[in-house]
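my_file27.cif follows (mmCIF, C-alpha atoms):
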data_my_file
loop_
_atom_site.label_atom_id
_atom_site.label_comp_id
_atom_site.auth_asym_id
_atom_site.auth_seq_id
_atom_site.Cartn_x
_atom_site.Cartn_y
_atom_site.Cartn_z
CA MET U 1 59.01 -23.76 188.85
CA LYS U 2 60.40 -20.81 190.76
CA LEU U 3 64.16 -20.53 191.28
CA ARG U 4 63.49 -20.43 195.03
CA ASP U 5 61.90 -23.93 194.88
CA ILE U 6 64.71 -25.26 192.70
CA ILE U 7 67.31 -24.10 195.22
CA ARG U 8 65.38 -25.84 197.99
CA VAL U 9 65.05 -29.11 196.04
CA VAL U 10 68.76 -29.29 195.13
CA GLU U 11 69.84 -27.92 198.54
CA GLY U 12 71.80 -25.27 196.66
CA LYS U 13 73.70 -22.21 197.72
CA VAL U 14 73.41 -18.98 195.71
CA LEU U 15 76.85 -17.68 194.67
CA THR U 16 75.73 -14.40 193.16
CA GLU U 17 74.00 -11.97 195.52
CA GLY U 18 70.91 -10.02 194.59
CA VAL U 19 69.20 -12.88 192.79
CA ASN U 20 65.49 -12.71 192.00
CA LEU U 21 64.37 -15.94 193.67
CA ASP U 22 60.88 -15.63 192.23
CA MET U 23 62.20 -15.93 188.70
CA GLU U 24 60.15 -18.53 186.81
CA ILE U 25 62.15 -21.36 185.19
CA SER U 26 60.53 -23.04 182.18
CA CYS U 27 62.60 -26.21 181.88
CA ALA U 28 65.93 -27.76 182.87
CA ALA U 29 68.81 -29.45 181.05
CA GLY U 30 71.98 -31.12 182.22
CA ALA U 31 75.11 -30.95 180.07
CA ASP U 32 78.87 -30.70 180.17
CA LEU U 33 79.16 -29.94 176.49
CA MET U 34 78.57 -26.30 175.74
CA SER U 35 77.66 -26.95 172.12
CA ASP U 36 74.93 -29.26 173.35
CA VAL U 37 73.63 -26.49 175.55
CA LEU U 38 73.66 -24.11 172.59
CA ALA U 39 71.78 -26.71 170.57
CA PHE U 40 68.96 -27.54 172.95
CA ALA U 41 68.57 -24.74 175.42
CA LYS U 42 65.33 -22.82 175.57
CA PRO U 43 64.91 -19.30 176.89
CA ASN U 44 64.37 -19.20 180.69
CA ALA U 45 65.88 -22.66 181.09
CA LEU U 46 67.95 -23.92 183.99
CA LEU U 47 71.35 -25.42 183.18
CA LEU U 48 72.85 -28.14 185.38
CA THR U 49 76.53 -28.61 184.69
CA GLY U 50 79.78 -29.89 186.08
CA LEU U 51 81.81 -27.25 184.27
CA VAL U 52 82.72 -24.08 186.13
CA ASN U 53 84.71 -22.03 183.60
CA PRO U 54 83.56 -18.58 182.37
CA GLN U 55 82.38 -20.05 179.07
CA VAL U 56 79.49 -21.68 180.92
CA VAL U 57 78.19 -18.21 181.68
CA ARG U 58 78.89 -17.03 178.11
CA THR U 59 76.98 -20.00 176.78
CA ALA U 60 74.08 -19.23 179.10
CA GLU U 61 74.13 -15.62 177.94
CA MET U 62 73.99 -16.54 174.25
CA ALA U 63 71.25 -19.11 174.74
CA ASP U 64 69.16 -16.93 177.11
CA ILE U 65 69.52 -19.46 179.92
CA ALA U 66 68.06 -18.06 183.14
CA ALA U 67 70.22 -19.70 185.82
CA ILE U 68 73.06 -22.20 186.30
CA VAL U 69 73.41 -24.94 188.92
CA PHE U 70 76.85 -26.48 189.47
CA VAL U 71 76.71 -30.12 190.48
CA ARG U 72 78.78 -32.08 193.03
CA GLY U 73 79.60 -28.96 195.05
CA LYS U 74 81.89 -27.59 192.37
CA MET U 75 82.83 -23.97 192.94
CA PRO U 76 83.45 -21.59 190.05
CA GLY U 77 86.40 -19.20 190.15
CA PRO U 78 86.12 -15.43 190.60
CA GLU U 79 86.17 -14.81 186.82
CA THR U 80 83.10 -16.97 186.31
CA ILE U 81 81.25 -15.35 189.21
CA ALA U 82 82.17 -11.84 188.04
CA LEU U 83 80.89 -12.53 184.53
CA ALA U 84 77.66 -14.03 185.89
CA LYS U 85 77.07 -10.95 188.02
CA GLU U 86 77.72 -8.69 185.06
CA LYS U 87 75.27 -10.62 182.93
CA GLY U 88 72.70 -11.03 185.71
CA ILE U 89 72.74 -14.81 185.55
CA PRO U 90 72.32 -16.47 188.98
CA LEU U 91 74.87 -19.17 189.89
CA ILE U 92 73.99 -21.91 192.37
CA ALA U 93 76.28 -24.54 193.87
CA ALA U 94 74.66 -27.79 194.99
CA PRO U 95 76.17 -30.88 196.61
CA TYR U 96 74.67 -33.77 194.62
CA THR U 97 75.79 -35.58 191.47
CA MET U 98 74.31 -34.66 188.11
CA PHE U 99 72.17 -37.83 188.19
CA GLU U 100 70.80 -37.17 191.65
CA MET U 101 70.22 -33.50 190.88
CA CYS U 102 68.22 -34.30 187.73
CA GLY U 103 66.26 -36.94 189.64
CA ARG U 104 65.36 -34.56 192.44
CA LEU U 105 64.20 -31.85 190.07
CA TYR U 106 62.30 -34.25 187.83
CA GLU U 107 60.53 -35.69 190.84
CA ALA U 108 59.62 -32.20 192.00
CA GLY U 109 57.88 -31.63 188.66
CA MET U 110 60.57 -29.76 186.72
CA ALA U 111 60.07 -30.05 182.94
CA SER U 112 62.83 -31.16 180.61
CA CYS U 113 64.06 -28.92 177.79
CA ASP U 114 62.89 -30.90 174.80
CA LEU U 115 65.07 -31.02 171.75
CA ASP U 116 63.88 -29.17 168.68
CA THR U 117 63.35 -32.50 166.99
CA LYS U 118 60.53 -33.33 169.34
CA GLN U 119 58.71 -30.11 168.71
CA GLU U 120 55.95 -29.57 166.16
CA MET S 1 68.21 -8.38 184.58
CA SER S 2 70.19 -6.02 186.79
CA GLN S 3 69.58 -6.43 190.48
CA VAL S 4 71.42 -3.92 192.65
CA PRO S 5 71.93 -0.83 190.45
CA GLN S 6 68.89 1.14 191.73
CA ILE S 7 70.60 1.78 195.06
CA THR S 8 73.97 2.65 193.61
CA ARG S 9 72.29 4.93 191.07
CA ILE S 10 70.63 6.89 193.89
CA GLN S 11 73.94 7.10 195.71
CA GLU S 12 75.52 8.38 192.53
CA LEU S 13 72.77 10.91 192.05
CA ILE S 14 73.16 12.26 195.58
CA TYR S 15 76.72 13.13 194.62
CA GLU S 16 75.94 14.25 191.07
CA LEU S 17 72.90 16.44 191.52
CA PRO S 18 73.55 20.05 192.51
CA ILE S 19 71.26 21.43 195.20
CA GLU S 20 69.88 24.04 192.79
CA ARG S 21 68.32 21.23 190.73
CA VAL S 22 66.17 19.98 193.59
CA MET S 23 65.54 23.05 195.80
CA THR S 24 62.32 25.07 195.85
CA LYS S 25 63.10 28.33 194.07
CA ASN S 26 60.12 30.52 194.90
CA VAL S 27 60.94 31.03 198.53
CA ILE S 28 58.28 32.46 200.74
CA THR S 29 59.98 34.74 203.26
CA VAL S 30 58.85 36.89 206.13
CA SER S 31 60.33 40.06 207.56
CA PRO S 32 61.51 40.25 211.18
CA ASP S 33 58.61 42.62 211.81
CA THR S 34 55.95 40.15 210.75
CA THR S 35 53.92 39.07 213.81
CA MET S 36 53.67 35.45 214.86
CA SER S 37 49.95 35.65 214.21
CA GLU S 38 50.59 36.76 210.61
CA LEU S 39 53.21 34.03 210.29
CA LYS S 40 50.59 31.46 211.31
CA GLU S 41 48.42 32.54 208.36
CA ILE S 42 51.39 32.55 205.94
CA LEU S 43 52.34 29.01 206.95
CA ARG S 44 48.73 27.83 206.75
CA ILE S 45 47.93 29.38 203.37
CA ASN S 46 51.15 28.23 201.74
CA ARG S 47 51.07 24.85 203.50
CA ILE S 48 54.65 25.14 204.66
CA SER S 49 56.18 24.45 208.06
CA GLY S 50 58.82 27.15 208.21
CA THR S 51 60.37 30.03 206.36
CA PRO S 52 63.53 32.15 206.20
CA VAL S 53 63.44 35.60 207.70
CA VAL S 54 64.84 38.30 205.41
CA GLU S 55 65.65 41.90 206.16
CA GLY S 56 66.93 44.25 203.49
CA GLY S 57 67.70 41.36 201.17
CA ARG S 58 69.80 39.62 203.83
CA LEU S 59 68.97 36.36 205.51
CA VAL S 60 68.71 37.13 209.22
CA GLY S 61 66.96 34.11 210.69
CA ILE S 62 64.68 31.17 210.22
CA ILE S 63 61.31 30.57 211.78
CA SER S 64 59.34 27.35 211.92
CA ILE S 65 56.03 25.95 213.07
CA GLU S 66 57.77 24.80 216.27
CA ASP S 67 58.63 28.39 217.14
CA LEU S 68 54.99 29.24 216.48
CA ILE S 69 53.75 26.51 218.85
CA LYS S 70 56.11 27.73 221.57
CA ALA S 71 54.83 31.29 221.05
CA LEU S 72 51.24 30.04 221.30
CA GLU S 73 52.03 28.22 224.55
CA LYS S 74 53.42 31.39 226.02
CA GLY S 75 50.58 33.54 224.72
CA ASP S 76 53.12 35.42 222.67
CA ILE S 77 51.20 35.24 219.39
CA HIS S 78 51.44 38.98 218.68
CA ALA S 79 55.20 39.14 219.16
CA PRO S 80 57.26 39.97 216.06
CA VAL S 81 59.10 37.13 214.37
CA ARG S 82 62.35 38.87 215.29
CA GLU S 83 61.87 37.82 218.93
CA ARG S 84 61.03 34.17 218.27
CA MET S 85 63.18 33.27 215.26
CA SER S 86 66.30 31.19 215.34
CA THR S 87 69.36 33.14 214.35
CA ARG S 88 71.58 30.13 214.09
CA ILE S 89 71.32 29.90 210.33
CA ILE S 90 72.70 26.84 208.63
CA THR S 91 72.76 27.28 204.89
CA VAL S 92 73.89 25.29 201.88
CA GLN S 93 75.34 26.53 198.60
CA ALA S 94 73.25 26.22 195.44
CA ASN S 95 76.09 24.63 193.49
CA GLU S 96 77.01 22.04 196.15
CA SER S 97 75.87 18.50 195.62
CA VAL S 98 72.81 17.13 197.38
CA VAL S 99 75.02 14.98 199.60
CA GLU S 100 76.16 18.15 201.44
CA ALA S 101 72.56 18.92 202.33
CA VAL S 102 71.96 15.31 203.41
CA LYS S 103 74.94 15.59 205.77
CA LYS S 104 73.71 18.90 207.24
CA PHE S 105 70.19 17.55 207.77
CA ALA S 106 71.68 14.63 209.68
CA GLN S 107 74.13 16.76 211.65
CA TYR S 108 71.89 19.70 212.69
CA LYS S 109 68.49 17.97 212.75
CA VAL S 110 66.86 20.94 211.01
CA GLY S 111 63.72 20.65 208.87
CA ARG S 112 64.82 23.02 206.14
CA LEU S 113 67.98 24.58 204.81
CA PRO S 114 68.04 28.00 203.14
CA VAL S 115 70.06 27.85 199.92
CA VAL S 116 72.40 30.73 199.10
CA ASN S 117 74.50 31.59 196.04
CA GLU S 118 78.19 32.45 196.10
CA HIS S 119 77.34 36.05 197.20
CA GLY S 120 75.29 34.81 200.13
CA ASP S 121 71.95 35.82 198.55
CA LEU S 122 68.99 33.62 199.34
CA VAL S 123 68.09 31.72 196.15
CA GLY S 124 66.01 28.83 197.41
CA ILE S 125 64.99 26.54 200.20
CA LEU S 126 65.50 22.83 200.65
CA THR S 127 63.57 20.23 202.65
CA GLY S 128 63.83 16.44 202.82
CA GLY S 129 60.79 16.32 200.57
CA ASP S 130 62.56 18.41 197.92
CA ILE S 131 65.46 15.95 197.88
CA THR S 132 63.15 12.95 197.55
CA ARG S 133 61.22 14.61 194.73
CA GLY S 134 64.41 15.69 192.96
CA LEU S 135 65.89 12.21 193.12
CA LEU S 136 62.70 10.59 191.86
CA GLU S 137 62.58 13.05 188.99
CA ALA S 138 66.26 12.47 188.12
CA ILE S 139 65.75 8.71 188.11
CA GLY S 140 62.74 9.21 185.89
CA LEU S 141 64.83 11.32 183.52
CA ASP S 142 67.56 8.71 183.48
CA TYR S 143 65.03 6.07 182.61
CA HIS S 144 63.57 8.33 179.96
CA ALA S 145 67.01 9.03 178.47
CA GLU S 146 67.64 5.28 178.30
CA GLU S 147 64.28 4.82 176.57
CA ILE S 148 65.09 7.56 174.07
CA SER S 149 68.48 6.07 173.28
CA ARG S 150 66.85 2.68 172.78
CA TYR S 151 64.20 4.25 170.59
CA ARG S 152 66.84 5.97 168.49
CA ALA S 153 68.84 2.77 168.07
CA ARG S 154 65.71 0.91 167.04
CA HIS S 155 64.92 3.48 164.38
CA ILE S 156 68.42 3.98 163.04
CA PHE S 157 67.59 2.18 159.80
CA GLU S 158 64.53 4.35 159.25
CA ASP S 159 66.46 7.54 159.97
CA ILE S 160 69.39 6.82 157.71
CA VAL S 161 68.27 6.33 154.17
CA SER S 162 70.37 4.75 151.46
CA ASP S 163 69.94 2.02 148.89
CA GLN S 164 71.53 -0.38 151.27
CA THR S 165 72.20 0.68 154.85
CA GLY S 166 74.21 -1.58 157.08
CA LEU S 167 75.99 -1.46 160.38
CA ILE S 168 79.33 -3.23 160.54
CA LEU S 169 80.75 -4.47 163.83
CA ARG S 170 84.30 -5.77 163.59
CA TYR S 171 86.12 -7.69 166.33
CA HIS S 172 89.67 -9.01 166.51
CA ILE S 173 89.71 -12.42 168.13
CA LYS S 174 92.86 -13.57 169.90
CA PRO S 175 93.95 -17.20 169.58
CA ARG S 176 93.67 -19.38 172.70
CA ASP S 177 92.02 -16.58 174.67
CA PHE S 178 89.60 -19.00 176.24
CA THR S 179 88.68 -16.79 179.20
CA GLY S 180 87.82 -13.78 177.06
CA GLY S 181 86.06 -15.94 174.51
CA GLY S 182 82.53 -14.91 173.67
CA SER S 183 82.91 -11.24 174.49
CA ALA S 184 82.60 -10.26 170.82
CA SER S 185 79.45 -12.34 170.40
CA SER S 186 78.10 -10.84 173.60
CA LYS S 187 78.56 -7.36 172.13
CA ILE S 188 76.89 -8.39 168.89
CA LYS S 189 73.95 -9.75 170.84
CA ARG S 190 73.68 -6.54 172.82
CA ALA S 191 73.83 -4.44 169.65
CA LEU S 192 70.97 -6.45 168.18
CA ASP S 193 69.00 -5.94 171.37
CA ARG S 194 69.58 -2.17 171.14
CA LEU S 195 68.50 -2.22 167.53
CA GLY S 196 65.28 -3.92 168.53
CA ALA S 197 65.85 -7.28 166.81
CA PRO S 198 63.38 -9.98 167.89
CA PRO S 199 64.69 -12.19 170.75
CA LEU S 200 64.72 -15.34 168.60
CA ILE S 201 66.90 -13.60 166.01
CA GLN S 202 69.22 -12.27 168.72
CA ARG S 203 69.59 -15.78 170.04
CA ARG S 204 70.28 -17.41 166.67
CA VAL S 205 72.86 -14.77 165.77
CA ALA S 206 74.46 -14.97 169.23
CA ILE S 207 74.79 -18.76 169.14
CA ALA S 208 76.16 -18.82 165.58
CA ALA S 209 78.59 -15.95 166.29
CA TYR S 210 79.70 -17.53 169.55
CA GLU S 211 80.47 -20.90 167.95
CA ALA S 212 82.38 -19.09 165.19
CA GLU S 213 84.25 -17.00 167.75
CA MET S 214 85.20 -20.08 169.77
CA ASN S 215 86.43 -21.74 166.57
CA LEU S 216 88.76 -18.80 165.94
CA ILE S 217 90.03 -19.05 169.52
CA ILE S 218 90.47 -22.82 169.54
CA HIS S 219 91.69 -23.63 166.05
CA THR S 220 93.54 -20.68 164.51
CA ASP S 221 97.25 -19.95 164.62
CA ASN S 222 96.93 -16.18 164.88
CA GLY S 223 93.31 -15.59 165.78
CA GLY S 224 91.06 -13.87 163.30
CA GLU S 225 88.29 -11.45 162.70
CA LEU S 226 84.64 -11.70 163.54
CA ILE S 227 82.46 -9.30 161.59
CA ALA S 228 78.75 -8.74 161.98
CA GLU S 229 77.01 -6.82 159.23
CA ILE S 230 73.56 -5.79 160.34
CA GLN S 231 71.01 -4.72 157.76
CA PRO S 232 67.30 -4.15 158.32
CA GLU S 233 66.36 -7.52 156.87
CA VAL S 234 69.47 -9.61 157.13
CA ILE S 235 72.40 -10.22 159.43
CA ARG S 236 75.65 -11.55 158.06
CA ILE S 237 78.38 -12.94 160.31
CA VAL S 238 81.79 -13.44 158.76
CA ALA S 239 84.67 -15.16 160.55
CA THR S 240 88.03 -15.09 158.82
CA ASP S 241 91.50 -16.25 159.74
CA ASN S 242 94.84 -16.92 158.08
CA GLY S 243 95.41 -20.49 159.06
CA PRO S 244 95.91 -23.34 159.49
CA GLY S 245 92.91 -24.01 157.22
CA ILE S 246 90.58 -27.02 157.03
CA ALA S 247 91.75 -30.02 154.99
CA ASP S 248 88.36 -31.64 154.42
CA ILE S 249 85.39 -29.32 154.76
CA GLU S 250 82.81 -32.06 154.30
CA GLN S 251 84.35 -33.99 157.17
CA ALA S 252 84.54 -30.85 159.33
CA MET S 253 80.83 -30.33 158.81
CA GLN S 254 79.99 -33.80 160.18
CA PRO S 255 78.47 -33.54 163.65
CA GLY S 256 80.91 -35.06 166.10
CA PHE S 257 84.01 -34.65 163.96
CA SER S 258 86.59 -32.62 165.79
CA THR S 259 90.27 -31.85 165.76
CA ALA S 260 90.16 -29.98 169.04
CA PRO S 261 92.87 -30.74 171.59
CA ASN S 262 92.01 -32.40 174.87
CA TRP S 263 92.37 -29.32 177.02
CA ILE S 264 89.62 -27.61 175.09
CA ARG S 265 87.37 -30.68 175.33
CA GLU S 266 87.78 -30.65 179.07
CA LEU S 267 86.41 -27.12 179.05
CA GLY S 268 83.21 -28.25 177.35
CA PHE S 269 84.08 -27.35 173.78
CA GLY S 270 85.55 -29.11 170.78
CA ALA S 271 82.98 -31.88 170.55
CA GLY S 272 82.52 -31.33 166.85
CA MET S 273 79.13 -29.70 167.19
CA GLY S 274 80.10 -26.11 166.46
CA LEU S 275 79.62 -26.00 162.70
CA ALA S 276 76.47 -28.12 162.97
CA ASN S 277 75.09 -25.66 165.52
CA ILE S 278 75.98 -22.72 163.31
CA LYS S 279 74.22 -24.34 160.37
CA LYS S 280 71.18 -24.98 162.50
CA CYS S 281 70.97 -21.32 163.55
CA SER S 282 71.55 -19.85 160.11
CA ASP S 283 69.48 -19.47 156.97
CA SER S 284 72.54 -20.06 154.86
CA MET S 285 76.15 -20.78 155.59
CA LYS S 286 79.24 -20.88 153.46
CA LEU S 287 82.56 -22.35 154.55
CA GLU S 288 85.64 -21.89 152.39
CA SER S 289 89.12 -22.96 153.39
CA GLN S 290 92.55 -23.69 152.08
CA VAL S 291 95.23 -25.39 154.12
CA GLY S 292 98.08 -23.03 154.83
CA VAL S 293 96.07 -20.01 153.67
CA GLY S 294 93.05 -19.61 155.90
CA THR S 295 89.34 -20.06 156.41
CA ARG S 296 86.31 -17.91 155.74
CA LEU S 297 82.95 -18.71 157.26
CA GLU S 298 79.92 -16.71 156.24
CA ILE S 299 76.63 -17.05 158.06
CA VAL S 300 73.42 -15.37 156.93
CA ILE S 301 70.40 -14.98 159.19
CA ARG S 302 67.32 -13.30 157.80
CA ILE S 303 65.10 -11.17 159.97
CA GLN S 304 61.59 -12.08 159.11
CA PRO S 305 58.86 -9.56 159.72
CA VAL S 306 56.96 -10.44 162.86
CA MET S 307 53.97 -12.51 161.81
CA SER S 308 50.66 -12.51 163.59
CA SER S 309 50.31 -16.29 163.53
CA GLY S 310 53.12 -18.49 164.80
CA ASN S 311 54.34 -19.81 161.48
CA ALA S 312 57.89 -18.51 161.58
CA THR S 313 59.48 -21.73 160.40
CA ARG S 314 63.08 -21.25 159.41
CA PRO S 315 64.22 -22.39 156.00
CA SER S 316 67.00 -24.45 157.54
CA GLU S 317 64.69 -26.31 159.84
CA GLY S 318 63.46 -29.60 158.56
CA GLN S 319 66.79 -30.50 157.05
CA GLU S 320 68.82 -29.99 160.15
CA LYS S 321 66.92 -31.97 162.68
CA GLN S 322 69.17 -34.89 163.34
CA GLU S 323 72.18 -33.14 164.67
CA THR S 324 71.53 -32.44 168.31
CA SER S 325 72.92 -34.16 171.40
#
Can you dump the structure from the file as structure tokens?
Amino acid sequence: MKLRDIIRVVEGKVLTEGVNLDMEISCAAGADLMSDVLAFAKPNALLLTGLVNPQVVRTAEMADIAAIVFVRGKMPGPETIALAKEKGIPLIAAPYTMFEMCGRLYEAGMASCDLDTKQE
Amino acid sequence: MSQVPQITRIQELIYELPIERVMTKNVITVSPDTTMSELKEILRINRISGTPVVEGGRLVGIISIEDLIKALEKGDIHAPVRERMSTRIITVQANESVVEAVKKFAQYKVGRLPVVNEHGDLVGILTGGDITRGLLEAIGLDYHAEEISRYRARHIFEDIVSDQTGLILRYHIKPRDFTGGGSASSKIKRALDRLGAPPLIQRRVAIAAYEAEMNLIIHTDNGGELIAEIQPEVIRIVATDNGPGIADIEQAMQPGFSTAPNWIRELGFGAGMGLANIKKCSDSMKLESQVGVGTRLEIVIRIQPVMSSGNATRPSEGQEKQETS
């Protein structure tokens, strides 16, 4: 699914200008534990999270996550936004709860990032 | 993944590039005695739309296709250039930056600017097309330079021959520096990218290094050191500190076991998954610790040669499958 469609489905607002909205997202995952993200994330994945500190962007960088959606209208601080811009990782703020956000995306056909255990 | 830099790079180049780099050097000139009819042929043959007028080595005017059209309208085609040329000569200096020319083009609405050196001698001519071409070329060169530097980095291990060549990256990690956390791992990841390591390897090293870096930030008294030793076939990450040390290593290795304080948990860390994640990303891992002395964590990740079929199963996989989520 394209980032553009994801933003429409979650009614999100892009917080980092100059985003490539045609970027293709392979799967999505929701987590508030960064170690979980590091454990399951796949390259080109979308991360849904309620955390807004700079480490969310660092985690995304390490795990090759393509974009981050903040749930429940949470707004990251300037440090987080600056780091995301530097690393070229789009940040999106959206108004719904984690549950609703996942539901909307799943319904729209977004794939889930499967755990390694389910592969092979 | 950069989005805006193209524009800023062009802006930079407009200021950086001297006019002499983009101007046309072989200037076609005419003398004031050339007739307009001869000028017509010179413009046509050389496919240009104007030219400086030079007399005795000095720039005395400029004549363009517009002047020629006006002459044609008036039936003045046999008049000498001297009578039809514009003597209001706006020039630019060869060593000025392109931005000066851009300003003059905008201000005077001229189609071309003669370029002079510090002695006022005509050394070139500049049109909008020259600037566009020069910028495109400079961007191309920039891109090329970047490619070359990448190529060199990728081949560093082939260029430098020894029995065991390695690149050592050493970072001092400050305790409780949560905001800056991960910057060392980010630099390690970037170095691996420059060296041409496969993306999967970059990712495994980055995740393992990042968890180790966060451990130094969260748990140590005085911070520690994160060292990445990159060899052609193996990458070794070593994290060391001088305390407080781990009382029970076996327990620390259990997924979910954590001694992290609440504030760090609220930030999304300290769930007891760090060491498990590191183990999962590494080919081998060694954790040594003594309470009151310090801890040393060594992570080894092997770079396997790229295989044609997709059978790059990691040695650690298979054993480590339970510890996610």
Please provide as a PDB file with C-alpha atoms, keeping the file's coordinate frame all residues within 6 Å of stretch 153-168 of chain S, with the sequence filter that same-chain residues fewer than 5 positions apart are discarded (counting all atoms listed in the file).
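This is the output file out_4.pdb:
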ATOM      1  CA  ARG S 194      69.580  -2.170 171.140  1.00  0.00           C
ATOM      2  CA  LEU S 195      68.500  -2.220 167.530  1.00  0.00           C
ATOM      3  CA  GLY S 196      65.280  -3.920 168.530  1.00  0.00           C
ATOM      4  CA  ALA S 228      78.750  -8.740 161.980  1.00  0.00           C
ATOM      5  CA  GLU S 229      77.010  -6.820 159.230  1.00  0.00           C
ATOM      6  CA  ILE S 230      73.560  -5.790 160.340  1.00  0.00           C
ATOM      7  CA  GLN S 231      71.010  -4.720 157.760  1.00  0.00           C
TER       8      GLN S 231
END
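For chain U, the residues within 8 Å of chain S are Gly18, Val19, Asn20, Asp32, Leu33, Met34, Ser35, Asp36, Leu38, Ala39, Phe40, Leu51, Asn53, Pro54, Gln55, Arg58, Glu61, Met62, Ala63, Asp64, Lys87, Gly88, Ile89, Leu115, Asp116 and Thr117 of chain U, with only C-alpha atoms used to measure distance.
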Write out as a PDB file with C-alpha atoms, in the frame of the given file the residues lying within 12 Å of S:His119, counting only C-alpha atoms and excluding same-chain residues fewer than 2 positions away.
ATOM      1  CA  GLY S  57      67.700  41.360 201.170  1.00  0.00           C
ATOM      2  CA  ARG S  58      69.800  39.620 203.830  1.00  0.00           C
ATOM      3  CA  LEU S  59      68.970  36.360 205.510  1.00  0.00           C
ATOM      4  CA  GLN S  93      75.340  26.530 198.600  1.00  0.00           C
ATOM      5  CA  ALA S  94      73.250  26.220 195.440  1.00  0.00           C
ATOM      6  CA  VAL S 115      70.060  27.850 199.920  1.00  0.00           C
ATOM      7  CA  VAL S 116      72.400  30.730 199.100  1.00  0.00           C
ATOM      8  CA  ASN S 117      74.500  31.590 196.040  1.00  0.00           C
ATOM      9  CA  ASP S 121      71.950  35.820 198.550  1.00  0.00           C
ATOM     10  CA  LEU S 122      68.990  33.620 199.340  1.00  0.00           C
ATOM     11  CA  VAL S 123      68.090  31.720 196.150  1.00  0.00           C
TER      12      VAL S 123
END
Quiz item: Of the residues U:Ile6, U:Leu15, U:Ala45, U:Met75, which is the one nearest to U:Asp114, using only C-alpha atoms?
Solution: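 Residue with the minimum atom-to-atom distance to U:Asp114: U:Ala45.
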Self-check item: Near-U:Ser112 list (7 Å; all atoms listed in the file; drop same-chain fewer than 4 positions) as a list in words
Solution: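 Listing them by chain and then by number gives Cys27, Ala28 and Ala29 of chain U.
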Mind dumping the selected residues with C-alpha atoms as a compact mmCIF listing (two decimals), in the frame of the given file?
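selection38.txt was written with the following content:
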# COMPACT_ATOMS: atom_id res chain seq x y z
CA CYS U 27 62.60 -26.21 181.88
CA ALA U 28 65.93 -27.76 182.87
CA ALA U 29 68.81 -29.45 181.05
Exercise. State, in Å with one decimal place, the distance from atom CA of S:Gly124 to atom CA of S:His144.
Key: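 Atom CA of S:His144 lies 27.0 Å from atom CA of S:Gly124.
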Practice problem: With a distance cut-off of 8 Å and all atoms listed in the file, select the neighbouring residues of S:Ile218, excluding the residue or stretch itself and same-chain residues fewer than 6 positions from it, and output the selection as a list in words. | Solution: Pro175, Arg176, Phe178, Ala260 and Ile264 of chain S
Quiz item: By how many Å are atom CA of S:Ile89 and atom CA of S:Asp130 apart?
Solution: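 Taking atom CA of S:Ile89 and atom CA of S:Asp130, their separation equals 19.0 Å.
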Practice problem: Please indicate the distance in Å from atom CA of S:Val98 to atom CA of S:Val22, rounded to one decimal place. | Solution: 8.2 Å
Quiz item: Could you spell out the hits of the PyMOL selection byres ((chain U and resi 90) around 10) on the shown file, as a list in words?
Solution: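 Listing what the PyMOL selection byres ((chain U and resi 90) around 10) selects in the shown file: Leu3, Val14, Leu15, Thr16, Glu17, Gly18, Val19, Asn20, Leu21, Leu46, Val57, Ile65, Ala66, Ala67, Ile68, Val69, Ile81, Ala84, Lys85, Lys87, Gly88, Ile89, Leu91 and Ile92 of chain U.
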Quiz item: Applied to this file, what does the PyMOL selection byres ((chain S and resi 113) around 8) return in terms of residues, put as an NGL selection string?
Solution: :S and (90-92 or 101 or 105 or 110-112 or 114-115 or 125-127)
Based on the selection just made, write C-alpha atoms of those residues as a PDB file, in the coordinates of the input.
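Output contents, as saved in result.pdb:
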ATOM      1  CA  ILE S  90      72.700  26.840 208.630  1.00  0.00           C
ATOM      2  CA  THR S  91      72.760  27.280 204.890  1.00  0.00           C
ATOM      3  CA  VAL S  92      73.890  25.290 201.880  1.00  0.00           C
ATOM      4  CA  ALA S 101      72.560  18.920 202.330  1.00  0.00           C
ATOM      5  CA  PHE S 105      70.190  17.550 207.770  1.00  0.00           C
ATOM      6  CA  VAL S 110      66.860  20.940 211.010  1.00  0.00           C
ATOM      7  CA  GLY S 111      63.720  20.650 208.870  1.00  0.00           C
ATOM      8  CA  ARG S 112      64.820  23.020 206.140  1.00  0.00           C
ATOM      9  CA  PRO S 114      68.040  28.000 203.140  1.00  0.00           C
ATOM     10  CA  VAL S 115      70.060  27.850 199.920  1.00  0.00           C
ATOM     11  CA  ILE S 125      64.990  26.540 200.200  1.00  0.00           C
ATOM     12  CA  LEU S 126      65.500  22.830 200.650  1.00  0.00           C
ATOM     13  CA  THR S 127      63.570  20.230 202.650  1.00  0.00           C
TER      14      THR S 127
END
Quiz item: If you apply the PyMOL selection byres ((chain S and resi 223) around 10) to this file, what residues do you get, as a list of chain:residue names?
Solution: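 Answer for the PyMOL selection byres ((chain S and resi 223) around 10): S:His172, S:Ile173, S:Lys174, S:Pro175, S:Arg176, S:Asp177, S:Glu213, S:Asn215, S:Leu216, S:Ile217, S:Ile218, S:His219, S:Thr220, S:Asp221, S:Asn222, S:Gly224, S:Glu225, S:Leu226, S:Thr240, S:Asp241, S:Asn242, S:Gly243.
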Do a neighbour search on S:Thr29 at 8 Å with only C-alpha atoms, toss out local chain neighbours closer than 2 positions, and write the hits as a PDB file with C-alpha atoms, in the frame of the given file.
ATOM      1  CA  VAL S  27      60.940  31.030 198.530  1.00  0.00           C
ATOM      2  CA  SER S  31      60.330  40.060 207.560  1.00  0.00           C
ATOM      3  CA  THR S  51      60.370  30.030 206.360  1.00  0.00           C
ATOM      4  CA  PRO S  52      63.530  32.150 206.200  1.00  0.00           C
ATOM      5  CA  VAL S  53      63.440  35.600 207.700  1.00  0.00           C
ATOM      6  CA  VAL S  54      64.840  38.300 205.410  1.00  0.00           C
TER       7      VAL S  54
END
